[in-house]
Structures are given as C-alpha cells and as structure tokens.
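Colleague: Please find one structure pasted underneath; my questions will follow.
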Amino acid sequence: MAHDDDGGTNAAAGSAIEKSEPPQASPGTAIVASDAIANPGLPPHRPRVTDLDPKKQKQAARRVSTLFLLSIVGSVFAIVAYIVFPIRPGVPSSIRLNTMFLGIGIALGLVSIGIGAIYWAKNLMSGEEMVESRHLTRGTVETRSRAVEIFQQANEESGFGRRTLIRNSLIGALVATPLPAIVLFRDLAPAANPVTLLEETMWKKGTRLTQDPFGTPIKAADVTLGSVFHVIPEGLDQVSDKLEEKAKSAVLLMRLLPQDLHPQPDRESWAYDGIVAYSKICTHVGCPVALYEQQTHHLLCPCHQSTFDVTNQCAVIFGPAKRPLPQLPITVDSEGYLIAQSGFHEPVGPSFWERS
Amino acid sequence: MGIRKTTRMAKNSSPSATAGRKANRRHPLATVALIVIGLVSTGGAYALFSSTASADTPAAVSGAASAAQGEKLFAANCATCHGMNAQGTSVGPSLYGVGAASVSFQVGTGRMPLAQQGPQAEQKPAQFTDAQVADLAAWVASLAPGPGIPDSKYLQGNGNSATGAELFRVNCAMCHNVAGAGGALTEGKFAPALTGVTAAHIYEAMVTGPQNMPVFNDANLTPSQKSDIITYLKYLDTNPSPGGIDLGNLGPVSEGLFIWIFGLGAVVGVTIWIAAKAN
C-alpha cells in the first residue's frame, strides 16, 4: 500500500484508478497487482570447498570410493556370515545370530552405496543451480490433429466402426469374462444362512461344559470359590469347523459367593450355587473377554477395556461395549457334571445388521 | 555475507588455522555417525539390561518349620491387619484356610507385609528369610486346612513345555501376556511379569489365586499341567528371543514407540542430510 502514496510515476495503474474512481475496476485485483511479492529468484551461487580446493576434491573422491568398497565388504560379509552362522534346527539362538549378521552385511552393502552416491552428488557432481521449466500440458495443434488422424486411420483400417458384428461380439466377450470370477467368489460366502450361523452356537440343552483345550468335563464341585474355567462345549473336537464354532461358543465359568450374585427374577435358576457361565465373546467387536478379577468380580476385555460386572449379570460398567455378555444357563446332570440348560438366549458377540 | 566469505577464505588459506577449523566444523558424516552410535548404544544397552536374568534361588522350605516360632512372627508383623488370631480385621482379611502356599507366596515374594494400601500389593524385596517364611506358613496352615507347599517334583521344570505353552495361552496369557511379560488390569491393578519368578511361587500363585488372580485348583489344572506351565515359563526365561531384541515383549506399544523414535528419527536425519547443501 506504500506505493499508493508515491503517485503515478512508477506505481501500478490500478492504484491510480482506485484513488480517483474506486468502483470502476476491481479493487481486489488492483491491490494484488501492487502488493505481489516479487520472484526472489535463485540464491547466489556459493562454491563448495571441493570446487575451490583440489585437495578437498581428491579427499571427497576417495571417500566416495571408500564407501563403495565398504559396500563390497558388506556384501561379502553377508555371504560369509550366512555360511559361518547357519540356522541349526532346534537352536533358536542360531536364528538370531544368522539373521543379525546377514542383516548387518546386507544393510552395509546397500546403505554404503546410497550414502556414497549422495555424497558423490553433493560434493563432486556439478553444483550449479538450474531451473527447468515445465512443458505445457496441452499439446500443439499439429500433435492433436495428428493423434485424431491416427485414430481415424486405425478405425478405417481395422473396420472397428464398420463391422458392427465383430465389435459387438467383442464387447459381449469382454463383459462375460469376469462372470466366472463372480460366481466363484460368491461361493466364499457361508453355505447356510449367515444370520442363523451368527445367532446359533453349539450350546443346547444337556451339552456338557468341558475344559479348553483338552475337553475334560467339569464337575460342579471342582469349581471352587474364586476359580475361573475356560470352557468349550463337549464335542467341539469332533466338528469340522472347530475354530468357527469355538469362536462363538467359548464360555467363561466362574464361582462367586451366591449372595454376591444379583440376577433378575427370571434368571435366578441360570446359575448353579454361585457358579455362573458367560459368553467369552465381547459384545463390542468380539475379542475374548477373559481377564477376570476375582476380588472385584470385574471382567475386562483386553482389546478396548470394556469392563463387565459379573455380580450384576455382566452389565457393562466401562468401555465401548453396549450390551452385557450373554449368560449361559447351567445346571448339573446326574453324574455331577455341569451341563447347559439350553443354548444362549440371545446371539453372542458383536452386533450385526439382522440382530433383533 | 561477502565479508564473512572473504574472512573464511582467508582462514582457509592460512595453514595455522587448519586445526581450529577442523575442530569447529562438523565432519560431513557426523550426523550419520551420530545416528548409528545412538541406535547401536540404545539397542545394545537395552539388550544388556533385558538379558540380565535375575539369579533367584528357589525358596528352600524345609520340613523343620516351627509353628510356635511362626506364631510369634505373626503377632509381631502381621497381626495389626489380620488380627492376633488371623481372624481378620476391617483392614485385612481372615487367613483361615488360605494355607501354607498363600503365606509362602505372599511373604516369600515380599508382597506381604503390605507397605501401604493401594490397588494391589506390589512385589518388593522379601522381609523375612526363607526359614521365617516357612515358620509363618506352618503356623497359618495349622489354623485351618488349605493348599500346602507344592511338592518339589512339580517344580523341576522338566514337564512338557509345548503343553504348558498351550495351557498358558488358554488360562494365563490374557492377563500375563503370551510371553509372560505382564499386563494392565482395571483401576491401577496389573498382572505382573513372570520372568525370573521361582517355580514354587508360580505354583503357589496358581493354587491360591493371590489378590485378583483367579484360583486354578488341581481339578482345573492338574499338578502335572502346572508343572508343564512352569516348564514353559522356565523355557522363556532361559531361551532368548530368536527374533532379536524383544523390546519387553509388550507388542505394538513398545515396538511402535521404538520405530516412532528411532525409525522416524533416522528418516528425518537422513532427509536433512540429503537436502542440506555441501560446504
């Protein structure tokens, strides 16, 4: 704006107009014109020590070649280390030695080339600053018309536009090619209704509770106060999709003092003398909730710190989970083993679209 | 600018100033050397500290423990919170039925006597000798039946470490970390690291369920399965991580921090060096 006061000698024409009759020209443009920051250009060229001192130049050249020689040493070292420190079966520490020395050798081989090349470029290659202008994005008129001409000629010679039967059948063939892939990938979806699969687990009336991982049935008397058992349904080992079923059916079994439990009236019979079974699958995103604190009776999910209160039907007391963990109603059979009274009364695990 | 350049040129040409110039100006490879030294020394120091195994001697619990001696020790050191007859008070639980195993674990690892009230009793140097711990255990065990001192045949670490590892992953790893490095619980509580813990203390912890740890009785994990778990933990203690520095085995937290500081630091340093103009 200082220019405005200088008068009309060398100031931009815009500022003069702005002063005499403001509404005539766009005042914005005028101000930008006068205030535009001048292109500072390149900083003055500064010669490097290697440009001025031949001794320094020689020294730099020696350094670069030393780095390249060091790279050769590193590569050879890697080969030697691979032979000298082999991976011996059953000796974990041999893997560590092997990978460490191999890594050091290969890294030395690569990094020395890189550092050498950059050092070379910085100190010995021409240090003159230069500007390279961008070429225009749009081609010249001749180039453009020649391109159109080539396309027209190709169309003419191949008869692509003329022979419509060939053209249309080719388009049809191209459309049909990906169809087998669609059919194949469609089969990756669960064979049965996924909603049913998500809603049902292996638990049903009379299924024994067994220990993870060996499938030992659990007697109610074995579950002492403060105990926690990691439970899978009986027969999990026999099913073909063992991991899928385990991911839904995993249950945590805990014993508390019966007076510590506060079930709602219709769930009073779901526990057995203070022994309660809850789904181990978090209702947030399905991590196994198994960090049981036996004094506070809190169940903590390690993934996002959702915390469930076992004394209060596994209600959420902290964290992102929204629903309590589903409870598995349990009782004992005639032999004293813990069995399920029924399956879960609601789908286990995280929410899904069709969940009612 | 021009003046400064001429003085520097003059300095360059005078041979007496060569030494001073060398001392003042950084060597072109100084940045790289600094990064390399930093990385190597940090990693080396870490490896040194993390590989220092603690040479704990297993608690030698002899059969000659004296309950009478234990009662005196109890009255002098524990009765304030647990009551003169171990019946419990408003600040400490009753010890009827906790068994000798509980005493051996809690007192033997220094968790008891408690230094202060807090989220949980923390491990500290044991206050009593092994013989005194055995005396205390004998007296508490004489009050009411409870889990006893484990049989030494389960503590040798000669079980099946593969079975032990599977059982550890199912029953213990959610709190103690799959490599036994420990982990956080709620409200300031935590599951301690299991490195360097004696076999007897591991066994006793499983049997008694100290503090917020659940109980793993002999029906849940049989004594030989407990022995397998001990074998696995001893295997972890004696076999270094085959992948190199384990960074505490804490997973993405420590590994992410390491790569953020040292990996990105190295990238920034190298970028600055590449972009800087040569002298």
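Ligands are numbered from 1 in the order shown, chains are lettered A, B, ... in the order of the structure tokens, and residues start at 1 in each chain.
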Counting only C-alpha atoms, collect the residues of chain B whose closest atom lies at most 10 Å from chain A, and write them out as a ChimeraX atom specification.
Modeller: /B:5,9,12-13,28-29,32,163,166-167,169-176,183-186,189,191,207-221,239-245,270,273-279
Colleague: Would you list, as a list in words, the residues of segment 59-238 of chain B that end up in strand (DSSP E or B) under DSSP run on this structure's backbone?
Modeller: Gly183, Ala184, Phe190, Ala191 and Val215 of chain B
Colleague: With N, CA, C and O atoms retained, write the just-selected residues as a tab-separated table (two decimals), in the first residue's frame.
Modeller:
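Just written: out07.tsv:
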```tsv
chain	number	residue	atom	x	y	z
B	183	GLY	N	0.74	-57.46	32.23
B	183	GLY	CA	-0.16	-56.56	31.52
B	183	GLY	C	-1.04	-55.80	32.50
B	183	GLY	O	-1.05	-56.10	33.69
B	184	ALA	N	-1.77	-54.81	31.97
B	184	ALA	CA	-2.57	-53.94	32.83
B	184	ALA	C	-3.94	-54.54	33.08
B	184	ALA	O	-4.50	-55.24	32.23
B	190	PHE	N	-2.54	-54.61	38.05
B	190	PHE	CA	-1.86	-55.18	36.89
B	190	PHE	C	-1.46	-56.62	37.17
B	190	PHE	O	-1.32	-57.02	38.31
B	191	ALA	N	-1.31	-57.38	36.09
B	191	ALA	CA	-0.78	-58.74	36.20
B	191	ALA	C	0.73	-58.63	36.04
B	191	ALA	O	1.20	-58.10	35.04
B	215	VAL	N	-8.34	-68.49	41.08
B	215	VAL	CA	-7.75	-69.72	41.60
B	215	VAL	C	-7.72	-70.77	40.49
B	215	VAL	O	-8.68	-70.90	39.74
```
Colleague: Which residues of segment 164-259 of chain A sit at most 7 Å from segment 265-280 of chain A, using only C-alpha atoms? Give each one's shortest atom pair and distance in Å (one decimal place), in chain and ascending residue order, as JSON lines.
Modeller:
```
{"residue": "A:Ala250", "atom": "CA", "partner": "A:Lys280", "partner_atom": "CA", "distance": 5.5}
{"residue": "A:Val251", "atom": "CA", "partner": "A:Ser279", "partner_atom": "CA", "distance": 4.5}
{"residue": "A:Leu252", "atom": "CA", "partner": "A:Tyr278", "partner_atom": "CA", "distance": 5.4}
{"residue": "A:Leu253", "atom": "CA", "partner": "A:Ala277", "partner_atom": "CA", "distance": 4.5}
{"residue": "A:Met254", "atom": "CA", "partner": "A:Val276", "partner_atom": "CA", "distance": 5.5}
{"residue": "A:Arg255", "atom": "CA", "partner": "A:Ile275", "partner_atom": "CA", "distance": 4.2}
{"residue": "A:Leu256", "atom": "CA", "partner": "A:Gly274", "partner_atom": "CA", "distance": 5.1}
{"residue": "A:Leu257", "atom": "CA", "partner": "A:Gly274", "partner_atom": "CA", "distance": 5.5}
{"residue": "A:Pro258", "atom": "CA", "partner": "A:Gly274", "partner_atom": "CA", "distance": 4.2}
```
Colleague: Could you work out how far atom CA of Gly159 of chain B lies from atom CA of Ala179 of chain B, giving the answer in Å with one decimal?
Modeller: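 According to the coordinates, atom CA of Ala179 of chain B and atom CA of Gly159 of chain B are separated by 17.9 Å.
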Colleague: From a backbone DSSP assignment, name each residue in segment 114-196 of chain B labelled helix (DSSP H, G or I), as JSON, numbers by chain.
Modeller: {"B": [130, 131, 132, 133, 134, 135, 136, 137, 138, 139, 140, 141, 142, 143, 152, 153, 154, 161, 162, 163, 164, 165, 166, 167, 168, 169, 170, 171, 173, 174, 175, 176]}
Colleague: Write the residues of the selection above to a file with N, CA, C and O atoms, as a tab-separated table (two decimals), in the first residue's frame.
Modeller:
```
chain	number	residue	atom	x	y	z
B	130	ASP	N	13.87	-67.34	54.30
B	130	ASP	CA	13.07	-68.48	53.88
B	130	ASP	C	12.61	-69.30	55.08
B	130	ASP	O	11.49	-69.80	55.12
B	131	ALA	N	13.49	-69.43	56.09
B	131	ALA	CA	13.12	-70.20	57.28
B	131	ALA	C	11.98	-69.52	58.03
B	131	ALA	O	11.04	-70.18	58.50
B	132	GLN	N	12.03	-68.18	58.13
B	132	GLN	CA	10.97	-67.44	58.82
B	132	GLN	C	9.65	-67.56	58.07
B	132	GLN	O	8.59	-67.71	58.67
B	133	VAL	N	9.73	-67.52	56.71
B	133	VAL	CA	8.52	-67.67	55.90
B	133	VAL	C	7.91	-69.05	56.16
B	133	VAL	O	6.70	-69.21	56.31
B	134	ALA	N	8.79	-70.07	56.24
B	134	ALA	CA	8.31	-71.43	56.48
B	134	ALA	C	7.64	-71.52	57.85
B	134	ALA	O	6.60	-72.19	58.00
B	135	ASP	N	8.21	-70.84	58.86
B	135	ASP	CA	7.60	-70.84	60.19
B	135	ASP	C	6.20	-70.22	60.15
B	135	ASP	O	5.24	-70.76	60.68
B	136	LEU	N	6.11	-69.05	59.50
B	136	LEU	CA	4.83	-68.37	59.39
B	136	LEU	C	3.81	-69.26	58.67
B	136	LEU	O	2.66	-69.40	59.11
B	137	ALA	N	4.28	-69.90	57.58
B	137	ALA	CA	3.39	-70.76	56.80
B	137	ALA	C	2.91	-71.92	57.65
B	137	ALA	O	1.72	-72.29	57.61
B	138	ALA	N	3.81	-72.47	58.45
B	138	ALA	CA	3.43	-73.61	59.28
B	138	ALA	C	2.36	-73.20	60.28
B	138	ALA	O	1.39	-73.94	60.54
B	139	TRP	N	2.50	-71.99	60.86
B	139	TRP	CA	1.51	-71.57	61.84
B	139	TRP	C	0.15	-71.30	61.19
B	139	TRP	O	-0.89	-71.76	61.66
B	140	VAL	N	0.16	-70.58	60.05
B	140	VAL	CA	-1.11	-70.28	59.38
B	140	VAL	C	-1.78	-71.58	58.91
B	140	VAL	O	-2.99	-71.74	59.02
B	141	ALA	N	-0.96	-72.53	58.43
B	141	ALA	CA	-1.52	-73.80	57.97
B	141	ALA	C	-2.10	-74.60	59.13
B	141	ALA	O	-3.03	-75.39	58.94
B	142	SER	N	-1.58	-74.37	60.35
B	142	SER	CA	-2.07	-75.13	61.49
B	142	SER	C	-3.45	-74.64	61.95
B	142	SER	O	-4.13	-75.32	62.70
B	143	LEU	N	-3.85	-73.44	61.49
B	143	LEU	CA	-5.13	-72.88	61.93
B	143	LEU	C	-6.31	-73.58	61.25
B	143	LEU	O	-7.33	-73.85	61.88
B	152	SER	N	8.04	-80.80	45.49
B	152	SER	CA	9.16	-80.31	44.68
B	152	SER	C	9.28	-81.04	43.34
B	152	SER	O	9.92	-80.54	42.43
B	153	LYS	N	8.60	-82.20	43.19
B	153	LYS	CA	8.73	-82.89	41.90
B	153	LYS	C	7.99	-82.15	40.77
B	153	LYS	O	8.25	-82.38	39.60
B	154	TYR	N	7.08	-81.24	41.15
B	154	TYR	CA	6.39	-80.46	40.11
B	154	TYR	C	7.12	-79.16	39.79
B	154	TYR	O	6.70	-78.38	38.96
B	161	SER	N	6.93	-78.55	27.72
B	161	SER	CA	6.77	-77.10	27.56
B	161	SER	C	5.75	-76.76	26.49
B	161	SER	O	5.13	-75.69	26.54
B	162	ALA	N	5.53	-77.65	25.50
B	162	ALA	CA	4.54	-77.36	24.46
B	162	ALA	C	3.13	-77.39	25.04
B	162	ALA	O	2.32	-76.49	24.79
B	163	THR	N	2.83	-78.42	25.85
B	163	THR	CA	1.53	-78.47	26.53
B	163	THR	C	1.40	-77.27	27.47
B	163	THR	O	0.34	-76.64	27.54
B	164	GLY	N	2.50	-76.98	28.17
B	164	GLY	CA	2.48	-75.85	29.09
B	164	GLY	C	2.17	-74.55	28.36
B	164	GLY	O	1.40	-73.73	28.84
B	165	ALA	N	2.75	-74.40	27.16
B	165	ALA	CA	2.51	-73.17	26.40
B	165	ALA	C	1.05	-73.07	25.98
B	165	ALA	O	0.45	-72.00	26.03
B	166	GLU	N	0.45	-74.22	25.58
B	166	GLU	CA	-0.95	-74.20	25.17
B	166	GLU	C	-1.84	-73.84	26.36
B	166	GLU	O	-2.75	-73.00	26.25
B	167	LEU	N	-1.57	-74.47	27.51
B	167	LEU	CA	-2.36	-74.17	28.71
B	167	LEU	C	-2.16	-72.73	29.14
B	167	LEU	O	-3.10	-72.07	29.59
B	168	PHE	N	-0.94	-72.23	28.98
B	168	PHE	CA	-0.65	-70.85	29.36
B	168	PHE	C	-1.43	-69.89	28.47
B	168	PHE	O	-2.00	-68.91	28.96
B	169	ARG	N	-1.49	-70.20	27.17
B	169	ARG	CA	-2.23	-69.32	26.25
B	169	ARG	C	-3.72	-69.31	26.58
B	169	ARG	O	-4.37	-68.27	26.49
B	170	VAL	N	-4.27	-70.46	26.98
B	170	VAL	CA	-5.71	-70.52	27.27
B	170	VAL	C	-6.02	-69.87	28.62
B	170	VAL	O	-6.98	-69.10	28.73
B	171	ASN	N	-5.20	-70.16	29.64
B	171	ASN	CA	-5.58	-69.79	31.00
B	171	ASN	C	-4.90	-68.54	31.54
B	171	ASN	O	-5.45	-67.90	32.43
B	173	ALA	N	-2.49	-66.24	29.48
B	173	ALA	CA	-1.91	-65.23	28.60
B	173	ALA	C	-2.76	-63.97	28.49
B	173	ALA	O	-2.23	-62.90	28.21
B	174	MET	N	-4.09	-64.08	28.75
B	174	MET	CA	-4.92	-62.88	28.58
B	174	MET	C	-4.51	-61.79	29.58
B	174	MET	O	-4.63	-60.61	29.28
B	175	CYS	N	-4.04	-62.18	30.75
B	175	CYS	CA	-3.59	-61.17	31.71
B	175	CYS	C	-2.07	-61.03	31.71
B	175	CYS	O	-1.54	-59.93	31.74
B	176	HIS	N	-1.36	-62.18	31.71
B	176	HIS	CA	0.09	-62.13	31.92
B	176	HIS	C	0.86	-61.96	30.61
B	176	HIS	O	2.08	-61.98	30.64
```
Colleague: Residues within 6 Å of Val98 of chain B, please, as a list in words. Count only C-alpha atoms; anything in the same chain fewer than 3 positions from it doesn't count.
Modeller: Leu95, Ser102 and Gly146 of chain B
Colleague: May I have the selected residues written with N, CA, C and O atoms, as a CSV table (one decimal), in the first residue's frame?
Modeller:
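File written: selection_22.csv
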```
chain,number,residue,atom,x,y,z
B,95,LEU,N,-7.3,-65.2,57.6
B,95,LEU,CA,-6.3,-66.1,57.0
B,95,LEU,C,-6.7,-67.6,57.3
B,95,LEU,O,-5.8,-68.5,57.0
B,102,SER,N,-0.3,-69.9,50.4
B,102,SER,CA,-0.5,-68.5,50.3
B,102,SER,C,0.5,-67.7,51.0
B,102,SER,O,1.0,-66.7,50.5
B,146,GLY,N,-5.7,-75.9,54.2
B,146,GLY,CA,-5.6,-75.0,53.0
B,146,GLY,C,-4.5,-75.6,52.1
B,146,GLY,O,-3.9,-76.5,52.4
```
Colleague: I'd like the interatomic distance between atom CA of Ala340 of chain A and atom CA of Lys205 of chain A, to a tenth of an Å.
Modeller: 5.5 Å
Colleague: Pick out the residues sitting within 10 Å of Glu346 of chain A, and hand them over as a PDB file with N, CA and C atoms, in the first residue's frame; count only C-alpha atoms, and ignore anything fewer than 4 positions along from it in its own chain.
Modeller:
```pdb
ATOM      1  N   GLU A 199     -26.493 -66.453  14.933  1.00  0.00           N
ATOM      2  CA  GLU A 199     -27.394 -66.484  16.092  1.00  0.00           C
ATOM      3  C   GLU A 199     -27.253 -67.756  16.914  1.00  0.00           C
ATOM      4  N   GLU A 200     -26.785 -68.846  16.251  1.00  0.00           N
ATOM      5  CA  GLU A 200     -26.757 -70.124  16.962  1.00  0.00           C
ATOM      6  C   GLU A 200     -25.336 -70.538  17.305  1.00  0.00           C
ATOM      7  N   LEU A 325     -22.639 -59.271  28.501  1.00  0.00           N
ATOM      8  CA  LEU A 325     -22.275 -60.559  27.914  1.00  0.00           C
ATOM      9  C   LEU A 325     -23.449 -61.513  28.090  1.00  0.00           C
ATOM     10  N   PRO A 326     -23.796 -62.301  27.058  1.00  0.00           N
ATOM     11  CA  PRO A 326     -24.911 -63.247  27.202  1.00  0.00           C
ATOM     12  C   PRO A 326     -24.566 -64.330  28.229  1.00  0.00           C
ATOM     13  N   GLN A 327     -25.556 -64.692  29.053  1.00  0.00           N
ATOM     14  CA  GLN A 327     -25.332 -65.726  30.066  1.00  0.00           C
ATOM     15  C   GLN A 327     -25.806 -67.071  29.555  1.00  0.00           C
ATOM     16  N   LEU A 328     -25.023 -68.113  29.872  1.00  0.00           N
ATOM     17  CA  LEU A 328     -25.415 -69.481  29.519  1.00  0.00           C
ATOM     18  C   LEU A 328     -26.047 -70.108  30.754  1.00  0.00           C
ATOM     19  N   ARG A 355     -29.488 -58.509  13.645  1.00  0.00           N
ATOM     20  CA  ARG A 355     -29.685 -58.916  15.034  1.00  0.00           C
ATOM     21  C   ARG A 355     -30.949 -58.251  15.576  1.00  0.00           C
ATOM     22  N   SER A 356     -31.838 -59.061  16.150  1.00  0.00           N
ATOM     23  CA  SER A 356     -33.066 -58.480  16.664  1.00  0.00           C
ATOM     24  C   SER A 356     -32.848 -57.999  18.092  1.00  0.00           C
TER      25      SER A 356
END
```
Colleague: What's the 9 Å shell around Thr80 of chain B, counting only C-alpha atoms, without same-chain residues fewer than 4 positions away, as a JSON list (two decimals) with N, CA, C and O atoms, in the first residue's frame?
Modeller:
```json
[["chain", "number", "residue", "atom", "x", "y", "z"],
["B", 75, "ALA", "N", 2.45, -62.47, 65.26],
["B", 75, "ALA", "CA", 1.98, -61.47, 66.22],
["B", 75, "ALA", "C", 2.76, -60.17, 66.07],
["B", 75, "ALA", "O", 2.21, -59.08, 66.21],
["B", 76, "ALA", "N", 4.04, -60.28, 65.72],
["B", 76, "ALA", "CA", 4.88, -59.09, 65.65],
["B", 76, "ALA", "C", 4.74, -58.36, 64.33],
["B", 76, "ALA", "O", 4.98, -57.15, 64.26],
["B", 84, "MET", "N", -4.90, -60.85, 65.91],
["B", 84, "MET", "CA", -3.97, -61.68, 66.68],
["B", 84, "MET", "C", -4.14, -63.16, 66.36],
["B", 84, "MET", "O", -3.19, -63.93, 66.40],
["B", 89, "THR", "N", -9.44, -58.32, 60.26],
["B", 89, "THR", "CA", -9.96, -57.09, 60.85],
["B", 89, "THR", "C", -10.60, -56.30, 59.71],
["B", 89, "THR", "O", -10.72, -56.80, 58.59],
["B", 91, "VAL", "N", -9.31, -54.00, 58.11],
["B", 91, "VAL", "CA", -8.33, -53.64, 57.07],
["B", 91, "VAL", "C", -7.61, -54.84, 56.48],
["B", 91, "VAL", "O", -6.81, -54.69, 55.57],
["B", 92, "GLY", "N", -7.85, -56.03, 57.00],
["B", 92, "GLY", "CA", -7.16, -57.19, 56.43],
["B", 92, "GLY", "C", -8.03, -58.42, 56.53],
["B", 92, "GLY", "O", -8.81, -58.57, 57.47]]
```
